[in-house]
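Student: Next comes the structure file coords.txt, holding compact mmCIF, C-alpha atoms (C1' of nucleotides).
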# COMPACT_ATOMS: atom_id res chain seq x y z
CA MET F 1 -77.44 -63.36 27.20
CA PRO F 2 -79.37 -66.19 28.87
CA GLU F 3 -78.08 -67.04 32.36
CA GLY F 4 -79.52 -65.48 35.53
CA PRO F 5 -76.85 -62.79 36.07
CA SER F 6 -77.48 -61.41 32.59
CA LEU F 7 -81.11 -60.89 33.54
CA ILE F 8 -80.04 -58.74 36.47
CA ILE F 9 -78.11 -56.57 34.04
CA ALA F 10 -81.13 -56.41 31.71
CA ARG F 11 -83.37 -55.37 34.58
CA GLU F 12 -80.99 -52.59 35.61
CA ALA F 13 -80.79 -51.36 32.04
CA LEU F 14 -84.57 -51.20 31.81
CA MET F 15 -85.17 -49.50 35.15
CA PRO F 16 -85.29 -46.00 33.61
CA PHE F 17 -88.58 -47.08 32.03
CA LYS F 18 -90.15 -48.15 35.31
CA GLY F 19 -93.32 -46.16 35.91
CA LYS F 20 -93.39 -44.93 32.31
CA LYS F 21 -96.31 -45.26 29.98
CA ILE F 22 -96.05 -47.28 26.79
CA VAL F 23 -97.10 -45.05 23.93
CA HIS F 24 -97.06 -47.88 21.44
CA ALA F 25 -96.37 -51.61 21.61
CA SER F 26 -95.59 -53.77 18.60
CA GLY F 27 -93.65 -56.82 17.51
CA SER F 28 -94.10 -60.29 16.09
CA ALA F 29 -94.92 -62.00 19.40
CA LYS F 30 -98.38 -63.50 19.40
CA ILE F 31 -99.80 -61.46 22.23
CA ASP F 32 -102.51 -58.87 22.38
CA HIS F 33 -100.54 -55.64 21.92
CA ASP F 34 -103.63 -53.60 22.68
CA ARG F 35 -103.36 -54.64 26.28
CA LEU F 36 -100.01 -52.87 26.43
CA ASN F 37 -100.84 -49.66 24.58
CA LYS F 38 -101.15 -46.70 26.92
CA THR F 39 -100.44 -48.79 30.00
CA LYS F 40 -97.82 -48.05 32.59
CA LEU F 41 -94.85 -50.35 33.08
CA LEU F 42 -95.21 -50.67 36.84
CA ASP F 43 -92.15 -52.73 37.65
CA ILE F 44 -89.40 -54.88 36.22
CA ARG F 45 -88.53 -58.05 38.03
CA THR F 46 -86.63 -61.23 37.32
CA TRP F 47 -86.95 -64.86 38.31
CA GLY F 48 -83.92 -66.81 37.20
CA LYS F 49 -83.84 -66.48 33.43
CA HIS F 50 -87.27 -64.87 33.26
CA LEU F 51 -87.61 -61.14 32.74
CA LEU F 52 -90.93 -60.00 34.20
CA LEU F 53 -92.49 -56.78 32.99
CA CYS F 54 -95.27 -55.98 35.44
CA PHE F 55 -98.45 -54.16 34.45
CA ASP F 56 -101.72 -53.55 36.22
CA GLY F 57 -103.31 -57.01 36.46
CA PHE F 58 -100.88 -58.94 34.24
CA THR F 59 -97.24 -59.56 33.48
CA ILE F 60 -95.25 -59.96 30.30
CA ARG F 61 -92.73 -62.77 30.68
CA ILE F 62 -89.70 -62.69 28.44
CA HIS F 63 -87.33 -65.60 28.11
CA PHE F 64 -84.24 -65.01 26.00
CA LEU F 65 -83.56 -68.70 25.38
CA MET F 66 -80.11 -69.13 23.78
CA PHE F 67 -79.84 -66.18 21.45
CA GLY F 68 -82.17 -63.53 22.76
CA THR F 69 -81.11 -59.88 23.01
CA TYR F 70 -82.57 -56.49 23.71
CA TYR F 71 -81.64 -53.07 22.41
CA ILE F 72 -82.44 -49.88 24.29
CA ASN F 73 -82.89 -46.71 22.25
CA SER F 74 -81.44 -48.53 19.29
CA GLU F 75 -82.36 -51.42 17.05
CA LYS F 76 -80.89 -54.01 14.82
CA ASP F 77 -81.79 -55.12 11.36
CA SER F 78 -84.56 -57.60 12.16
CA VAL F 79 -88.14 -57.56 13.35
CA PRO F 80 -88.35 -57.46 17.13
CA LYS F 81 -90.50 -59.99 18.97
CA LEU F 82 -91.63 -57.15 21.15
CA ALA F 83 -91.08 -53.39 20.99
CA PHE F 84 -92.14 -50.68 23.43
CA GLU F 85 -92.18 -47.03 22.55
CA PHE F 86 -92.25 -44.60 25.46
CA ALA F 87 -92.59 -40.82 25.36
CA LYS F 88 -88.84 -40.73 25.81
CA GLY F 89 -86.99 -43.73 24.49
CA TYR F 90 -87.78 -47.22 23.29
CA VAL F 91 -86.92 -50.86 23.84
CA ASN F 92 -86.67 -53.76 21.39
CA PHE F 93 -86.60 -57.43 22.38
CA TYR F 94 -85.32 -59.95 19.84
CA THR F 95 -85.37 -63.72 19.53
CA CYS F 96 -87.12 -64.37 22.78
CA ALA F 97 -90.18 -66.23 24.02
CA VAL F 98 -92.87 -63.76 25.06
CA ARG F 99 -95.86 -64.76 27.15
CA LEU F 100 -98.60 -62.83 28.87
CA ILE F 101 -99.20 -64.06 32.42
CA GLU F 102 -102.48 -63.40 34.19
CA GLU F 103 -101.72 -65.12 37.51
CA PRO F 104 -100.24 -63.20 40.43
CA LEU F 105 -96.49 -63.82 40.32
CA ASP F 106 -96.37 -65.05 43.91
CA ASP F 107 -98.70 -67.87 42.88
CA ILE F 108 -96.42 -69.22 40.18
CA TYR F 109 -92.88 -68.32 41.20
CA ASP F 110 -90.87 -69.74 44.06
CA TRP F 111 -88.62 -66.76 44.68
CA SER F 112 -86.47 -68.74 47.10
CA ALA F 113 -85.27 -70.88 44.17
CA ASP F 114 -83.72 -67.91 42.34
CA VAL F 115 -80.00 -67.81 43.06
CA MET F 116 -79.94 -64.11 42.17
CA SER F 117 -82.78 -63.19 44.51
CA ASP F 118 -82.62 -61.65 47.97
CA GLN F 119 -85.05 -64.40 48.87
CA TRP F 120 -82.71 -67.19 47.71
CA ASP F 121 -82.89 -69.86 50.38
CA PRO F 122 -80.12 -72.48 50.57
CA LYS F 123 -82.15 -74.56 53.03
CA ASN F 124 -85.01 -74.89 50.55
CA ALA F 125 -82.54 -75.88 47.86
CA ARG F 126 -81.13 -78.57 50.13
CA LYS F 127 -84.61 -79.90 50.84
CA LYS F 128 -85.36 -80.15 47.12
CA LEU F 129 -82.05 -81.86 46.42
CA LYS F 130 -82.87 -84.50 49.05
CA ASP F 131 -85.99 -85.36 47.07
CA HIS F 132 -83.93 -86.49 44.06
CA PRO F 133 -81.35 -89.02 45.26
CA ASP F 134 -80.74 -90.45 41.78
CA MET F 135 -80.35 -87.14 40.02
CA LEU F 136 -76.84 -86.33 38.78
CA VAL F 137 -75.29 -83.13 40.07
CA THR F 138 -74.84 -81.94 36.48
CA ASP F 139 -78.66 -82.11 36.06
CA ALA F 140 -79.44 -80.76 39.52
CA LEU F 141 -77.62 -77.48 38.86
CA LEU F 142 -79.59 -76.97 35.65
CA ASP F 143 -82.94 -77.70 37.33
CA GLN F 144 -84.72 -74.34 37.34
CA ASP F 145 -87.01 -75.38 40.20
CA ILE F 146 -83.97 -75.87 42.42
CA PHE F 147 -81.35 -73.44 41.05
CA SER F 148 -83.33 -70.93 39.04
CA GLY F 149 -81.00 -68.81 36.94
CA VAL F 150 -78.14 -71.31 36.77
CA GLY F 151 -77.17 -72.16 33.21
CA ASN F 152 -74.63 -74.40 31.57
CA ILE F 153 -71.63 -72.12 32.10
CA ILE F 154 -72.36 -71.61 35.78
CA LYS F 155 -72.93 -75.35 36.12
CA ASN F 156 -69.51 -76.22 34.72
CA GLU F 157 -67.70 -73.59 36.73
CA VAL F 158 -69.42 -74.46 40.02
CA LEU F 159 -68.59 -78.16 39.73
CA TYR F 160 -64.99 -77.33 38.89
CA ARG F 161 -64.68 -74.85 41.74
CA ILE F 162 -65.92 -77.30 44.35
CA LYS F 163 -64.00 -80.20 42.77
CA LEU F 164 -67.06 -82.36 42.25
CA HIS F 165 -67.42 -84.74 39.31
CA PRO F 166 -70.53 -84.00 37.22
CA LYS F 167 -71.65 -87.64 37.15
CA THR F 168 -71.99 -87.88 40.94
CA ARG F 169 -75.50 -88.80 42.09
CA LEU F 170 -77.02 -86.46 44.65
CA ALA F 171 -77.36 -89.30 47.17
CA ASP F 172 -73.59 -89.88 46.95
CA VAL F 173 -72.59 -86.26 47.56
CA PRO F 174 -71.14 -85.90 51.08
CA ALA F 175 -73.14 -83.50 53.25
CA ARG F 176 -70.32 -80.97 53.41
CA LYS F 177 -69.88 -81.07 49.65
CA LEU F 178 -73.60 -80.50 49.19
CA THR F 179 -73.31 -77.35 51.29
CA GLU F 180 -70.51 -76.18 49.01
CA LEU F 181 -72.56 -76.96 45.91
CA ILE F 182 -75.46 -74.85 47.11
CA ARG F 183 -73.26 -72.01 48.31
CA GLU F 184 -71.17 -71.91 45.16
CA ALA F 185 -74.21 -71.93 42.85
CA HIS F 186 -75.12 -68.63 44.48
CA ASP F 187 -71.62 -67.20 44.89
CA TYR F 188 -70.38 -68.01 41.41
CA ALA F 189 -73.52 -66.48 39.91
CA PHE F 190 -72.55 -63.18 41.53
CA ASP F 191 -68.94 -63.47 40.34
CA PHE F 192 -70.41 -64.11 36.89
CA LEU F 193 -72.50 -60.96 37.25
CA ASN F 194 -69.51 -58.80 38.18
CA TRP F 195 -67.28 -60.21 35.46
CA LYS F 196 -70.03 -59.86 32.90
CA LYS F 197 -70.40 -56.20 33.82
CA GLU F 198 -66.64 -55.74 33.43
CA ASN F 199 -66.71 -57.67 30.17
CA THR F 200 -64.18 -60.11 31.56
CA LEU F 201 -66.38 -63.16 32.03
CA ARG F 202 -64.71 -65.37 29.43
CA GLN F 203 -61.22 -64.90 30.76
CA HIS F 204 -62.34 -66.04 34.19
CA TRP F 205 -63.57 -69.43 33.00
CA LEU F 206 -61.59 -72.26 34.57
CA ALA F 207 -63.40 -75.25 33.08
CA HIS F 208 -65.96 -74.09 30.53
CA THR F 209 -64.46 -74.46 27.01
CA LYS F 210 -61.06 -75.18 28.56
CA LYS F 211 -58.69 -77.92 27.44
CA ILE F 212 -56.21 -78.01 30.31
CA CYS F 213 -56.87 -78.06 34.05
CA SER F 214 -55.14 -75.12 35.69
CA ARG F 215 -54.83 -77.07 38.94
CA ASP F 216 -53.01 -80.16 37.76
CA GLY F 217 -52.34 -79.68 34.05
CA ASP F 218 -54.55 -82.61 33.14
CA HIS F 219 -56.83 -82.78 30.14
CA ILE F 220 -60.30 -81.25 30.62
CA HIS F 221 -62.90 -83.62 29.24
CA LYS F 222 -65.82 -82.46 27.17
CA GLU F 223 -68.86 -84.75 27.32
CA TYR F 224 -72.58 -84.36 26.82
CA LEU F 225 -73.91 -85.51 30.16
CA GLY F 226 -77.12 -85.97 32.09
CA LYS F 227 -80.74 -85.97 31.08
CA THR F 228 -80.26 -82.71 29.28
CA LYS F 229 -77.12 -83.93 27.46
CA ARG F 230 -75.55 -80.52 27.80
CA ARG F 231 -71.91 -79.74 27.19
CA THR F 232 -70.01 -80.58 30.34
CA PHE F 233 -66.34 -79.72 30.95
CA PHE F 234 -64.56 -81.44 33.80
CA CYS F 235 -61.24 -82.73 35.07
CA ASN F 236 -61.20 -86.40 36.10
CA THR F 237 -58.23 -85.81 38.37
CA CYS F 238 -59.27 -82.93 40.59
CA GLN F 239 -63.04 -83.34 40.48
CA GLU F 240 -63.87 -86.20 42.80
CA TYR F 241 -66.33 -88.81 41.63
CA TYR F 242 -68.27 -90.12 44.64
CA HIS F 243 -70.09 -93.39 43.95
C1' DC J 244 -68.55 -70.72 5.34
C1' DC J 245 -70.07 -74.03 8.41
C1' DG J 246 -70.78 -76.03 12.85
C1' DG J 247 -71.89 -75.44 17.41
C1' DT J 248 -74.49 -73.48 21.26
C1' DT J 249 -75.11 -69.35 27.91
C1' DG J 250 -82.38 -72.76 26.56
C1' DT J 251 -87.09 -74.16 26.60
C1' DT J 252 -91.33 -76.14 24.80
C1' DC J 253 -94.02 -79.21 22.41
C1' DA J 254 -95.37 -83.19 19.54
C1' DG J 255 -95.05 -87.90 19.08
C1' DC J 256 -94.28 -92.32 20.66
C1' DG J 257 -94.10 -96.63 23.49
C1' DG I 258 -100.45 -90.28 32.06
C1' DC I 259 -95.60 -91.08 32.28
C1' DG I 260 -90.82 -90.51 30.46
C1' DC I 261 -88.02 -90.06 26.70
C1' DT I 262 -86.49 -88.20 22.12
C1' DG I 263 -86.10 -85.10 18.61
C1' DA I 264 -87.54 -80.99 16.35
C1' DA I 265 -88.22 -76.28 16.28
C1' DC I 266 -86.83 -71.80 17.18
C1' DA I 267 -82.77 -68.61 15.58
C1' DA I 268 -78.16 -65.51 15.69
C1' DC I 269 -73.60 -64.98 16.63
C1' DC I 270 -68.80 -66.58 17.15
C1' DG I 271 -64.64 -68.91 15.84
What does this structure look like when you write it as structure tokens?

Tutor:
Amino acid sequence: MPEGPSLIIAREALMPFKGKKIVHASGSAKIDHDRLNKTKLLDIRTWGKHLLLCFDGFTIRIHFLMFGTYYINSEKDSVPKLAFEFAKGYVNFYTCAVRLIEEPLDDIYDWSADVMSDQWDPKNARKKLKDHPDMLVTDALLDQDIFSGVGNIIKNEVLYRIKLHPKTRLADVPARKLTELIREAHDYAFDFLNWKKENTLRQHWLAHTKKICSRDGDHIHKEYLGKTKRRTFFCNTCQEYYH
DNA sequence: CCGGTTGTTCAGCG
DNA sequence: GCGCTGAACAACCG
């Protein structure tokens, strides 16, 4: 569920409820459900991995973390974190972090950082990357302030696609390669979205969970790299290590 | 059946 | 106040 493209799918699935009134809100999330009862769901937005349910004067932010899911007009056998009942239909959110946000969204979200957004701005991303010369590219792609919506799968696939070694420091990335990094973070996310919709995402992975490099037949390494120590799959032969 | 993980936040420590 | 670590959360897949 968690990476940015999946949130686009979630938003689309929820759009039928836009403008509809919540008849009853419930769930185990520690929020004031009374604020939701009999209020209209004005809009559904996303910022990276955040699902934003907009109401008059506040927003419910849902983060699906690793295992979060949602069921529309159906449920599974566990207590939802949050559940909305409309006059026609209902939604259940499971295993997610729910938070009520009072601030205007424009005050707290940099929309240009979201690789899935119309407002995604490669130039801003480049500026931010310049500010972190010692950051490894494997960490940079996971930085939600720079590449909001990019997760570990997208990270691995982008680095493989542009033939860049995950341990490369940002300062050592050639300018042209940096352009590719930024472009591919956006482009691969949309390939991810399309494949996810077709249910063919897994079969399109070239590096993530792979053992053999399809370019040169070499072994794909699996290491836990960077500050975040996340699973990183890479080929030492075709992914150039600049240092 | 167990181990691992598409992620984030927070407490605790030096 | 900082950076770092580890825990907590929790469900599905192989």

Student: I need the chain J residues near chain F as an mmCIF file with C-alpha atoms (C1' of nucleotides), in the coordinates of the input; criterion: at most 8 Å, counting all atoms listed in the file.

Tutor:
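This went into iface_2.cif:
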data_model
loop_
_atom_site.group_PDB
_atom_site.id
_atom_site.type_symbol
_atom_site.label_atom_id
_atom_site.label_comp_id
_atom_site.auth_asym_id
_atom_site.auth_seq_id
_atom_site.Cartn_x
_atom_site.Cartn_y
_atom_site.Cartn_z
ATOM 1 C "C1'" DT J 248 -74.490 -73.480 21.260
ATOM 2 C "C1'" DT J 249 -75.110 -69.350 27.910
ATOM 3 C "C1'" DG J 250 -82.380 -72.760 26.560
ATOM 4 C "C1'" DT J 251 -87.090 -74.160 26.600
#

Student: Got a sec to pull out which chain I residues are within 8 Å of chain F, counting only C-alpha atoms (C1' of nucleotides), and send them as a short mmCIF file (atom, residue, chain, number, x, y, z; two decimals) with C-alpha atoms (C1' of nucleotides), keeping the file's coordinate frame?

Tutor:
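Resulting contents of result.cif:
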data_model
loop_
_atom_site.label_atom_id
_atom_site.label_comp_id
_atom_site.auth_asym_id
_atom_site.auth_seq_id
_atom_site.Cartn_x
_atom_site.Cartn_y
_atom_site.Cartn_z
"C1'" DA I 267 -82.77 -68.61 15.58
"C1'" DA I 268 -78.16 -65.51 15.69
"C1'" DC I 269 -73.60 -64.98 16.63
#

Student: In Å, how far is it from atom CA of F:Ile182 to atom CA of F:Asp106?

Tutor: 23.3 Å

Student: Find the residues around F:Tyr70 up to 8 Å (all atoms listed in the file counted), leave out those fewer than 4 positions away in its own chain, and share them as number ranges by chain.

Tutor: F: 91-94

Student: How many Å lie between atom CA of F:Ile146 and atom CA of F:Ile162, rounded to one decimal?

Tutor: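 These atoms are spaced 18.2 Å apart.
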
Student: Can you list, as a list in words, every protein, DNA or RNA residue that comes within 12 Å of J:DC253 when you count all atoms listed in the file, leaving out same-chain residues fewer than 2 positions away?

Tutor: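 The residues satisfying every condition are DT251 and DG255 of chain J; DT262, DG263, DA264, DA265 and DC266 of chain I.
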
Student: Compare F:Thr168, F:Cys235, F:Asp110, F:Gln119 by their minimum atom-to-atom distance to F:Asp134, counting only C-alpha atoms, and give me the closest one.

Tutor: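 Going through F:Thr168, F:Cys235, F:Asp110, F:Gln119 one by one, the smallest distance to F:Asp134 is for F:Thr168.
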
Student: Any idea what the distance is between atom CA of F:Ile220 and atom CA of F:Glu198?

Tutor: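 Computing it gives 26.4 Å between the two atoms.
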
Student: Out of F:Thr59, F:Thr46, F:Thr228, F:Asn199, which residue has the shortest atom-to-atom distance to I:DC261 when counting all atoms listed in the file?

Tutor: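 Distance minimum relative to I:DC261 lands on F:Thr228.
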
Student: Specify the axis-aligned box that encloses all atoms of stretch 244-252 of chain J listed in the file after padding of 3 Å on each side, stating its centre and edge lengths in Å to one decimal as JSON.

Tutor:
{"center_x": -79.9, "center_y": -72.7, "center_z": 16.6, "size_x": 28.8, "size_y": 12.8, "size_z": 28.6}

Student: Write out as a ChimeraX atom specification which residues come within 8 Å of F:Arg99 when counting all atoms listed in the file, dropping same-chain ones fewer than 5 positions away.

Tutor: /F:31,60-62

Student: Pick out the residues sitting within 12 Å of F:Ile108, and hand them over as number ranges by chain; count all atoms listed in the file, and ignore anything fewer than 5 positions along from it in its own chain.

Tutor: F: 47, 59, 101-103, 113, 145
